[in-house]
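A.B. asks: My structure is in run00.cif, and what it holds is mmCIF, N, CA and C atoms:
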```
data_protein
loop_
_atom_site.label_atom_id
_atom_site.label_comp_id
_atom_site.auth_asym_id
_atom_site.auth_seq_id
_atom_site.Cartn_x
_atom_site.Cartn_y
_atom_site.Cartn_z
N MET A 6 0.85 -1.19 0.00
CA MET A 6 0.00 0.00 0.00
C MET A 6 0.89 1.24 0.00
N ASN A 7 0.68 2.12 -0.96
CA ASN A 7 1.35 3.41 -1.03
C ASN A 7 0.47 4.41 -0.31
N ARG A 8 0.74 4.69 0.94
CA ARG A 8 -0.19 5.51 1.72
C ARG A 8 0.19 6.99 1.67
N THR A 9 -0.83 7.80 1.73
CA THR A 9 -0.65 9.24 1.75
C THR A 9 -0.52 9.70 3.20
N GLY A 10 -0.16 10.94 3.37
CA GLY A 10 -0.11 11.59 4.68
C GLY A 10 -0.60 13.01 4.53
N ILE A 11 -0.78 13.69 5.63
CA ILE A 11 -1.37 15.03 5.59
C ILE A 11 -0.47 16.05 4.90
N THR A 12 0.84 15.92 5.06
CA THR A 12 1.74 16.89 4.42
C THR A 12 1.62 16.84 2.90
N ALA A 13 1.73 15.63 2.35
CA ALA A 13 1.62 15.49 0.89
C ALA A 13 0.26 15.95 0.39
N ALA A 14 -0.80 15.57 1.11
CA ALA A 14 -2.16 15.94 0.69
C ALA A 14 -2.36 17.45 0.70
N LEU A 15 -2.01 18.10 1.81
CA LEU A 15 -2.24 19.55 1.90
C LEU A 15 -1.33 20.34 0.97
N ASN A 16 -0.09 19.88 0.81
CA ASN A 16 0.79 20.58 -0.13
C ASN A 16 0.23 20.53 -1.55
N ASP A 17 -0.26 19.35 -1.97
CA ASP A 17 -0.85 19.25 -3.31
C ASP A 17 -2.14 20.06 -3.42
N LEU A 18 -2.99 19.98 -2.40
CA LEU A 18 -4.28 20.67 -2.45
C LEU A 18 -4.14 22.19 -2.45
N LEU A 19 -3.32 22.71 -1.56
CA LEU A 19 -3.27 24.16 -1.35
C LEU A 19 -2.14 24.88 -2.06
N PHE A 20 -0.98 24.25 -2.15
CA PHE A 20 0.21 24.99 -2.58
C PHE A 20 0.78 24.55 -3.92
N ASN A 21 0.37 23.42 -4.46
CA ASN A 21 0.89 22.93 -5.74
C ASN A 21 -0.05 23.35 -6.87
N THR A 22 0.22 24.50 -7.44
CA THR A 22 -0.65 25.02 -8.49
C THR A 22 -0.33 24.41 -9.86
N ASP A 23 0.64 23.49 -9.91
CA ASP A 23 0.93 22.78 -11.16
C ASP A 23 -0.12 21.70 -11.45
N ILE A 24 -0.93 21.35 -10.46
CA ILE A 24 -2.01 20.38 -10.66
C ILE A 24 -3.32 21.02 -10.20
N THR A 25 -4.42 20.52 -10.74
CA THR A 25 -5.72 21.05 -10.36
C THR A 25 -6.12 20.51 -8.99
N VAL A 26 -7.11 21.13 -8.39
CA VAL A 26 -7.64 20.64 -7.11
C VAL A 26 -8.18 19.23 -7.30
N GLU A 27 -8.87 18.98 -8.40
CA GLU A 27 -9.42 17.64 -8.66
C GLU A 27 -8.32 16.60 -8.78
N GLU A 28 -7.22 16.94 -9.46
CA GLU A 28 -6.09 16.00 -9.56
C GLU A 28 -5.49 15.73 -8.19
N ALA A 29 -5.35 16.78 -7.38
CA ALA A 29 -4.82 16.60 -6.03
C ALA A 29 -5.76 15.74 -5.19
N ALA A 30 -7.06 15.99 -5.30
CA ALA A 30 -8.03 15.19 -4.55
C ALA A 30 -7.98 13.73 -5.00
N ASP A 31 -7.91 13.48 -6.29
CA ASP A 31 -7.81 12.10 -6.79
C ASP A 31 -6.56 11.40 -6.27
N ARG A 32 -5.49 12.13 -6.13
CA ARG A 32 -4.22 11.56 -5.68
C ARG A 32 -4.28 11.12 -4.22
N HIS A 33 -5.04 11.83 -3.38
CA HIS A 33 -4.97 11.62 -1.93
C HIS A 33 -6.28 11.19 -1.26
N PHE A 34 -7.41 11.26 -2.00
CA PHE A 34 -8.72 11.01 -1.39
C PHE A 34 -9.57 10.12 -2.29
N THR A 35 -10.33 9.21 -1.68
CA THR A 35 -11.21 8.33 -2.46
C THR A 35 -12.41 9.11 -3.00
N ALA A 36 -13.10 8.51 -3.95
CA ALA A 36 -14.30 9.13 -4.52
C ALA A 36 -15.41 9.26 -3.48
N GLN A 37 -15.42 8.39 -2.48
CA GLN A 37 -16.44 8.41 -1.43
C GLN A 37 -15.99 9.18 -0.19
N TYR A 38 -14.91 9.92 -0.30
CA TYR A 38 -14.33 10.64 0.84
C TYR A 38 -15.36 11.52 1.55
N ARG A 39 -15.29 11.49 2.88
CA ARG A 39 -16.10 12.38 3.74
C ARG A 39 -15.18 12.97 4.79
N GLN A 40 -15.51 14.20 5.22
CA GLN A 40 -14.70 14.88 6.23
C GLN A 40 -15.60 15.59 7.22
N ARG A 41 -15.25 15.46 8.50
CA ARG A 41 -15.93 16.23 9.54
C ARG A 41 -14.91 17.14 10.17
N THR A 42 -15.16 18.45 10.08
CA THR A 42 -14.28 19.46 10.66
C THR A 42 -15.06 20.25 11.69
N ASP A 43 -14.59 20.18 12.92
CA ASP A 43 -15.24 20.90 14.02
C ASP A 43 -16.74 20.62 14.06
N GLY A 44 -17.11 19.37 13.82
CA GLY A 44 -18.50 18.93 13.93
C GLY A 44 -19.33 19.03 12.67
N GLU A 45 -18.80 19.61 11.59
CA GLU A 45 -19.55 19.80 10.34
C GLU A 45 -19.07 18.80 9.29
N TRP A 46 -20.00 17.98 8.78
CA TRP A 46 -19.66 16.99 7.74
C TRP A 46 -19.68 17.61 6.36
N ALA A 47 -18.77 17.15 5.50
CA ALA A 47 -18.74 17.53 4.09
C ALA A 47 -18.44 16.28 3.27
N ASP A 48 -19.10 16.16 2.12
CA ASP A 48 -18.75 15.07 1.21
C ASP A 48 -17.59 15.54 0.33
N ARG A 49 -17.15 14.67 -0.55
CA ARG A 49 -15.99 15.01 -1.38
C ARG A 49 -16.25 16.24 -2.25
N ALA A 50 -17.43 16.36 -2.84
CA ALA A 50 -17.74 17.51 -3.70
C ALA A 50 -17.65 18.81 -2.90
N GLU A 51 -18.20 18.81 -1.69
CA GLU A 51 -18.13 20.01 -0.84
C GLU A 51 -16.69 20.31 -0.44
N PHE A 52 -15.93 19.27 -0.16
CA PHE A 52 -14.51 19.41 0.19
C PHE A 52 -13.74 20.03 -0.98
N VAL A 53 -13.92 19.51 -2.19
CA VAL A 53 -13.22 20.03 -3.36
C VAL A 53 -13.62 21.47 -3.63
N GLU A 54 -14.89 21.79 -3.47
CA GLU A 54 -15.35 23.17 -3.64
C GLU A 54 -14.66 24.10 -2.64
N HIS A 55 -14.55 23.66 -1.39
CA HIS A 55 -13.89 24.47 -0.35
C HIS A 55 -12.42 24.69 -0.69
N ILE A 56 -11.72 23.63 -1.09
CA ILE A 56 -10.31 23.76 -1.44
C ILE A 56 -10.14 24.68 -2.64
N SER A 57 -11.03 24.58 -3.62
CA SER A 57 -10.98 25.48 -4.79
C SER A 57 -11.09 26.93 -4.36
N HIS A 58 -11.99 27.20 -3.41
CA HIS A 58 -12.11 28.56 -2.87
C HIS A 58 -10.81 28.98 -2.16
N LEU A 59 -10.24 28.08 -1.35
CA LEU A 59 -9.01 28.41 -0.63
C LEU A 59 -7.89 28.79 -1.58
N ARG A 60 -7.81 28.12 -2.71
CA ARG A 60 -6.76 28.45 -3.68
C ARG A 60 -6.89 29.88 -4.20
N THR A 61 -8.08 30.46 -4.16
CA THR A 61 -8.24 31.85 -4.59
C THR A 61 -7.81 32.83 -3.51
N VAL A 62 -7.66 32.35 -2.28
CA VAL A 62 -7.33 33.19 -1.12
C VAL A 62 -5.88 33.03 -0.68
N VAL A 63 -5.34 31.83 -0.79
CA VAL A 63 -4.02 31.49 -0.26
C VAL A 63 -2.93 31.84 -1.26
N ALA A 64 -1.91 32.56 -0.78
CA ALA A 64 -0.75 32.89 -1.61
C ALA A 64 0.39 31.90 -1.38
N ASP A 65 0.61 31.51 -0.13
CA ASP A 65 1.74 30.64 0.20
C ASP A 65 1.49 30.04 1.58
N GLY A 66 2.29 29.08 1.94
CA GLY A 66 2.16 28.50 3.27
C GLY A 66 2.92 27.21 3.41
N GLY A 67 2.67 26.56 4.54
CA GLY A 67 3.35 25.31 4.79
C GLY A 67 2.65 24.52 5.87
N VAL A 68 3.03 23.25 5.94
CA VAL A 68 2.47 22.31 6.90
C VAL A 68 3.60 21.77 7.75
N THR A 69 3.41 21.81 9.07
CA THR A 69 4.37 21.22 10.00
C THR A 69 3.66 20.13 10.78
N VAL A 70 4.12 18.90 10.62
CA VAL A 70 3.54 17.77 11.36
C VAL A 70 4.32 17.61 12.66
N HIS A 71 3.59 17.59 13.76
CA HIS A 71 4.20 17.46 15.09
C HIS A 71 4.22 16.00 15.54
N GLU A 72 3.13 15.29 15.30
CA GLU A 72 3.05 13.85 15.56
C GLU A 72 2.26 13.23 14.43
N GLU A 73 2.63 11.99 14.06
CA GLU A 73 1.93 11.30 12.98
C GLU A 73 2.02 9.80 13.23
N LEU A 74 0.88 9.13 13.15
CA LEU A 74 0.82 7.70 13.39
C LEU A 74 0.03 7.00 12.31
N TRP A 75 0.55 5.86 11.85
CA TRP A 75 -0.19 4.95 10.98
C TRP A 75 -0.31 3.63 11.72
N ASP A 76 -1.49 3.03 11.69
CA ASP A 76 -1.70 1.69 12.25
C ASP A 76 -2.63 0.97 11.29
N GLY A 77 -2.05 0.25 10.34
CA GLY A 77 -2.85 -0.39 9.30
C GLY A 77 -3.60 0.66 8.50
N ALA A 78 -4.92 0.59 8.51
CA ALA A 78 -5.76 1.53 7.77
C ALA A 78 -6.16 2.75 8.60
N LYS A 79 -5.58 2.90 9.78
CA LYS A 79 -5.88 4.06 10.64
C LYS A 79 -4.73 5.05 10.58
N TYR A 80 -5.07 6.33 10.64
CA TYR A 80 -4.08 7.41 10.58
C TYR A 80 -4.48 8.46 11.60
N ALA A 81 -3.49 9.07 12.26
CA ALA A 81 -3.74 10.17 13.18
C ALA A 81 -2.55 11.12 13.12
N ASP A 82 -2.82 12.39 13.31
CA ASP A 82 -1.72 13.35 13.40
C ASP A 82 -2.16 14.61 14.12
N ARG A 83 -1.16 15.39 14.49
CA ARG A 83 -1.34 16.76 14.97
C ARG A 83 -0.40 17.59 14.13
N HIS A 84 -0.97 18.56 13.43
CA HIS A 84 -0.16 19.40 12.56
C HIS A 84 -0.58 20.85 12.65
N THR A 85 0.29 21.71 12.17
CA THR A 85 0.02 23.15 12.07
C THR A 85 0.08 23.55 10.61
N VAL A 86 -0.90 24.33 10.19
CA VAL A 86 -0.90 24.90 8.84
C VAL A 86 -0.71 26.40 8.99
N ASP A 87 0.33 26.91 8.34
CA ASP A 87 0.60 28.35 8.33
C ASP A 87 0.36 28.85 6.91
N VAL A 88 -0.46 29.88 6.79
CA VAL A 88 -0.87 30.39 5.48
C VAL A 88 -0.64 31.89 5.43
N THR A 89 -0.11 32.34 4.29
CA THR A 89 -0.10 33.77 3.96
C THR A 89 -1.15 33.94 2.88
N LYS A 90 -2.11 34.80 3.17
CA LYS A 90 -3.18 35.04 2.20
C LYS A 90 -2.74 36.07 1.17
N LYS A 91 -3.45 36.14 0.08
CA LYS A 91 -3.11 37.07 -1.00
C LYS A 91 -3.20 38.52 -0.56
N ASP A 92 -3.98 38.80 0.50
CA ASP A 92 -4.05 40.16 1.01
C ASP A 92 -2.90 40.48 1.98
N GLY A 93 -2.00 39.52 2.19
CA GLY A 93 -0.84 39.72 3.05
C GLY A 93 -1.04 39.29 4.49
N SER A 94 -2.26 39.04 4.91
CA SER A 94 -2.50 38.60 6.28
C SER A 94 -2.09 37.13 6.43
N THR A 95 -1.89 36.73 7.68
CA THR A 95 -1.44 35.37 7.95
C THR A 95 -2.43 34.65 8.87
N VAL A 96 -2.46 33.35 8.70
CA VAL A 96 -3.33 32.48 9.49
C VAL A 96 -2.49 31.28 9.91
N SER A 97 -2.67 30.86 11.16
CA SER A 97 -2.02 29.66 11.64
C SER A 97 -3.06 28.85 12.41
N MET A 98 -3.19 27.57 12.05
CA MET A 98 -4.15 26.69 12.70
C MET A 98 -3.46 25.39 13.10
N GLU A 99 -3.76 24.95 14.32
CA GLU A 99 -3.32 23.63 14.76
C GLU A 99 -4.49 22.68 14.52
N VAL A 100 -4.19 21.50 13.98
CA VAL A 100 -5.24 20.57 13.58
C VAL A 100 -4.93 19.19 14.14
N TYR A 101 -5.97 18.56 14.70
CA TYR A 101 -5.90 17.19 15.22
C TYR A 101 -6.74 16.32 14.30
N VAL A 102 -6.13 15.28 13.71
CA VAL A 102 -6.76 14.46 12.69
C VAL A 102 -6.83 13.00 13.11
N PHE A 103 -7.98 12.39 12.87
CA PHE A 103 -8.16 10.94 12.93
C PHE A 103 -8.76 10.53 11.60
N ALA A 104 -8.19 9.50 10.97
CA ALA A 104 -8.62 9.17 9.61
C ALA A 104 -8.61 7.68 9.36
N ASP A 105 -9.40 7.30 8.34
CA ASP A 105 -9.39 5.95 7.79
C ASP A 105 -8.79 6.02 6.40
N LEU A 106 -7.92 5.07 6.10
CA LEU A 106 -7.31 4.97 4.78
C LEU A 106 -7.98 3.85 4.00
N ALA A 107 -8.14 4.06 2.71
CA ALA A 107 -8.65 3.02 1.81
C ALA A 107 -7.53 2.00 1.58
N PRO A 108 -7.86 0.82 1.04
CA PRO A 108 -6.82 -0.18 0.74
C PRO A 108 -5.70 0.33 -0.15
N ASP A 109 -5.98 1.34 -1.00
CA ASP A 109 -4.94 1.89 -1.88
C ASP A 109 -4.11 2.98 -1.20
N GLY A 110 -4.38 3.26 0.09
CA GLY A 110 -3.58 4.21 0.84
C GLY A 110 -4.07 5.64 0.85
N ARG A 111 -5.16 5.92 0.14
CA ARG A 111 -5.72 7.29 0.13
C ARG A 111 -6.67 7.48 1.31
N PHE A 112 -6.88 8.73 1.68
CA PHE A 112 -7.84 9.03 2.74
C PHE A 112 -9.25 8.70 2.28
N HIS A 113 -9.98 7.99 3.13
CA HIS A 113 -11.38 7.67 2.88
C HIS A 113 -12.30 8.50 3.78
N ARG A 114 -11.83 8.78 4.98
CA ARG A 114 -12.60 9.59 5.93
C ARG A 114 -11.61 10.30 6.85
N ILE A 115 -11.87 11.57 7.11
CA ILE A 115 -11.09 12.33 8.09
C ILE A 115 -12.08 13.00 9.04
N GLU A 116 -11.76 12.93 10.33
CA GLU A 116 -12.45 13.72 11.34
C GLU A 116 -11.38 14.55 12.02
N GLU A 117 -11.61 15.88 12.05
CA GLU A 117 -10.58 16.76 12.57
C GLU A 117 -11.19 17.88 13.42
N THR A 118 -10.35 18.36 14.31
CA THR A 118 -10.68 19.50 15.14
C THR A 118 -9.58 20.54 14.93
N THR A 119 -9.98 21.80 14.77
CA THR A 119 -9.01 22.85 14.50
C THR A 119 -8.96 23.84 15.66
N LEU A 120 -7.79 24.41 15.84
CA LEU A 120 -7.56 25.42 16.86
C LEU A 120 -6.87 26.60 16.19
N MET A 121 -7.53 27.75 16.18
CA MET A 121 -6.95 28.95 15.56
C MET A 121 -5.83 29.47 16.46
N LEU A 122 -4.64 29.57 15.91
CA LEU A 122 -3.51 30.11 16.66
C LEU A 122 -3.26 31.58 16.30
N ARG A 123 -3.50 31.92 15.03
CA ARG A 123 -3.31 33.30 14.56
C ARG A 123 -4.26 33.53 13.40
N GLY A 124 -4.92 34.66 13.40
CA GLY A 124 -5.85 35.01 12.33
C GLY A 124 -7.08 35.68 12.90
N SER A 125 -7.95 36.11 12.03
CA SER A 125 -9.17 36.80 12.45
C SER A 125 -10.32 35.80 12.59
N ASP A 126 -11.42 36.25 13.16
CA ASP A 126 -12.60 35.39 13.26
C ASP A 126 -13.07 34.94 11.88
N ALA A 127 -12.94 35.79 10.88
CA ALA A 127 -13.34 35.44 9.51
C ALA A 127 -12.48 34.32 8.96
N ASP A 128 -11.26 34.16 9.47
CA ASP A 128 -10.36 33.11 8.98
C ASP A 128 -10.72 31.73 9.51
N ARG A 129 -11.61 31.64 10.46
CA ARG A 129 -11.99 30.33 11.01
C ARG A 129 -12.56 29.42 9.94
N ASN A 130 -13.18 29.99 8.92
CA ASN A 130 -13.76 29.16 7.86
C ASN A 130 -12.70 28.57 6.93
N LEU A 131 -11.43 28.96 7.07
CA LEU A 131 -10.37 28.35 6.27
C LEU A 131 -10.24 26.87 6.59
N GLY A 132 -10.53 26.49 7.83
CA GLY A 132 -10.39 25.10 8.21
C GLY A 132 -11.62 24.26 7.91
N SER A 133 -12.76 24.88 7.74
CA SER A 133 -14.00 24.14 7.54
C SER A 133 -14.32 23.99 6.05
N ALA A 134 -14.77 22.80 5.70
CA ALA A 134 -15.11 22.55 4.29
C ALA A 134 -16.52 23.01 3.96
N ARG A 135 -17.18 23.68 4.84
CA ARG A 135 -18.54 24.16 4.58
C ARG A 135 -18.61 25.65 4.74
#
```
Just give me the structure of the file as structure tokens.
C.D. replies:
Amino acid sequence: MNRTGITAALNDLLFNTDITVEEAADRHFTAQYRQRTDGEWADRAEFVEHISHLRTVVADGGVTVHEELWDGAKYADRHTVDVTKKDGSTVSMEVYVFADLAPDGRFHRIEETTLMLRGSDADRNLGSAR
């Protein structure tokens, strides 16, 4: 199994403009992918729509993984996403992830909780797919 991780997934989704959001999603997420962020569920279409919007807002950034665990088809991590928006403002979020991986190693389901470290109240929606 060639398994994905959060760094590769987020770098492709948010910062790799050489590929489309759909190509990045296909690379790291199953067609039946679902995500719950801070209690709100989104299906894959809603997730892709959210990431497409983020690409219009995000200028640059990075992902720092603090802890990461794989146990068969289970995945967990704690990471920080730091973003510079096109307007020059910055956002930093700490994220706690629990996920299921498909047999091919892509994310099938993610449940995550976010903690805003830096940014405005309006930036809270950067972490939510809805």
A.B. asks: Using all atoms listed in the file for the distances, tell me which of A:Thr85, A:Glu51, A:Trp46, A:Asp128 is nearest to Val70 (chain A).
C.D. replies: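 Answer, going by the shortest atom-to-atom distance: A:Thr85.
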A.B. asks: Mind telling me what the PyMOL selection byres ((chain A and resi 119) around 6.5) catches here, as number ranges by chain?
C.D. replies: A: 42-43, 98-101, 117-118, 120-121
A.B. asks: Using the chain letters and numbers from this document, which residues of chain A does DSSP assign to strand (DSSP E), as a count of residues only?
C.D. replies: 63
A.B. asks: Determine the nearest neighbour of Val88 (chain A) from the options A:Arg60, A:His113, A:His33, A:Arg41, counting only C-alpha atoms.
C.D. replies: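 Result for the nearest residue to Val88 (chain A): A:Arg60.
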A.B. asks: How far is it from CA of Gly110 (chain A) to CA of Ala78 (chain A), in Å with one decimal?
C.D. replies: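 Separation of CA of Gly110 (chain A) and CA of Ala78 (chain A): 7.7 Å.
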A.B. asks: Once the PyMOL selection byres ((chain A and resi 52) around 8) has been applied to the shown file, what residues remain in the selection, as a PyMOL selection string?
C.D. replies: chain A and resi 38-40+46-51+53-58+133-135
A.B. asks: Please identify all polymer residues within 8 Å of region 6-20 of chain A, counting all atoms listed in the file, omitting same-chain residues fewer than 3 positions from it, and present them as a PyMOL selection string.
C.D. replies: chain A and resi 23-30+32-34+56-57+59-60+63-70+82+106-112
A.B. asks: Which residues would end up in the selection if the PyMOL selection byres ((chain A and resi 80) around 8) were applied here, given that I need the answer as a short mmCIF file (atom, residue, chain, number, x, y, z; two decimals) with N, CA and C atoms, keeping the file's coordinate frame?
C.D. replies:
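Done, and the output landed in out.cif:
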```
data_model
loop_
_atom_site.label_atom_id
_atom_site.label_comp_id
_atom_site.auth_asym_id
_atom_site.auth_seq_id
_atom_site.Cartn_x
_atom_site.Cartn_y
_atom_site.Cartn_z
N GLU A 73 2.63 11.99 14.06
CA GLU A 73 1.93 11.30 12.98
C GLU A 73 2.02 9.80 13.23
N LEU A 74 0.88 9.13 13.15
CA LEU A 74 0.82 7.70 13.39
C LEU A 74 0.03 7.00 12.31
N TRP A 75 0.55 5.86 11.85
CA TRP A 75 -0.19 4.95 10.98
C TRP A 75 -0.31 3.63 11.72
N ASP A 76 -1.49 3.03 11.69
CA ASP A 76 -1.70 1.69 12.25
C ASP A 76 -2.63 0.97 11.29
N GLY A 77 -2.05 0.25 10.34
CA GLY A 77 -2.85 -0.39 9.30
C GLY A 77 -3.60 0.66 8.50
N ALA A 78 -4.92 0.59 8.51
CA ALA A 78 -5.76 1.53 7.77
C ALA A 78 -6.16 2.75 8.60
N LYS A 79 -5.58 2.90 9.78
CA LYS A 79 -5.88 4.06 10.64
C LYS A 79 -4.73 5.05 10.58
N ALA A 81 -3.49 9.07 12.26
CA ALA A 81 -3.74 10.17 13.18
C ALA A 81 -2.55 11.12 13.12
N ASP A 82 -2.82 12.39 13.31
CA ASP A 82 -1.72 13.35 13.40
C ASP A 82 -2.16 14.61 14.12
N VAL A 102 -6.13 15.28 13.71
CA VAL A 102 -6.76 14.46 12.69
C VAL A 102 -6.83 13.00 13.11
N PHE A 103 -7.98 12.39 12.87
CA PHE A 103 -8.16 10.94 12.93
C PHE A 103 -8.76 10.53 11.60
N ALA A 104 -8.19 9.50 10.97
CA ALA A 104 -8.62 9.17 9.61
C ALA A 104 -8.61 7.68 9.36
N ASP A 105 -9.40 7.30 8.34
CA ASP A 105 -9.39 5.95 7.79
C ASP A 105 -8.79 6.02 6.40
N LEU A 106 -7.92 5.07 6.10
CA LEU A 106 -7.31 4.97 4.78
C LEU A 106 -7.98 3.85 4.00
#
```
A.B. asks: Using backbone DSSP assignments, extract all helix (DSSP H, G or I) residues from region 18-100 of chain A; output them as a ChimeraX atom specification.
C.D. replies: /A:18-20,26-33,49-62
A.B. asks: Just checking: using all atoms listed in the file, which residue out of A:Glu72, A:Thr61, A:Glu45, A:Val96 ends up closest to His84 (chain A)?
C.D. replies: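 Counting all atoms listed in the file, the residue closest to His84 (chain A) is A:Glu72.
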A.B. asks: Using Å and a single decimal, report how far atom N of Ala127 (chain A) sits from CA of Thr95 (chain A).
C.D. replies: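 These two atoms are separated by 11.9 Å.
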A.B. asks: With distances taken over only C-alpha atoms, which residue among A:Val62, A:Ile115, A:Val86, A:Leu122 lies nearest Gly44 (chain A)?
C.D. replies: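 Of the candidates, the smallest distance to Gly44 (chain A) is held by A:Ile115.
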A.B. asks: Between A:Asp87, A:Gly93, A:Asp31, A:Gln37, which residue has the minimum interatomic distance to Arg123 (chain A), considering only C-alpha atoms?
C.D. replies: A:Asp87
A.B. asks: For atom N of Asn21 (chain A) and CA of Lys91 (chain A), determine how far apart the two atoms are, in Å to one decimal place.
C.D. replies: 14.5 Å
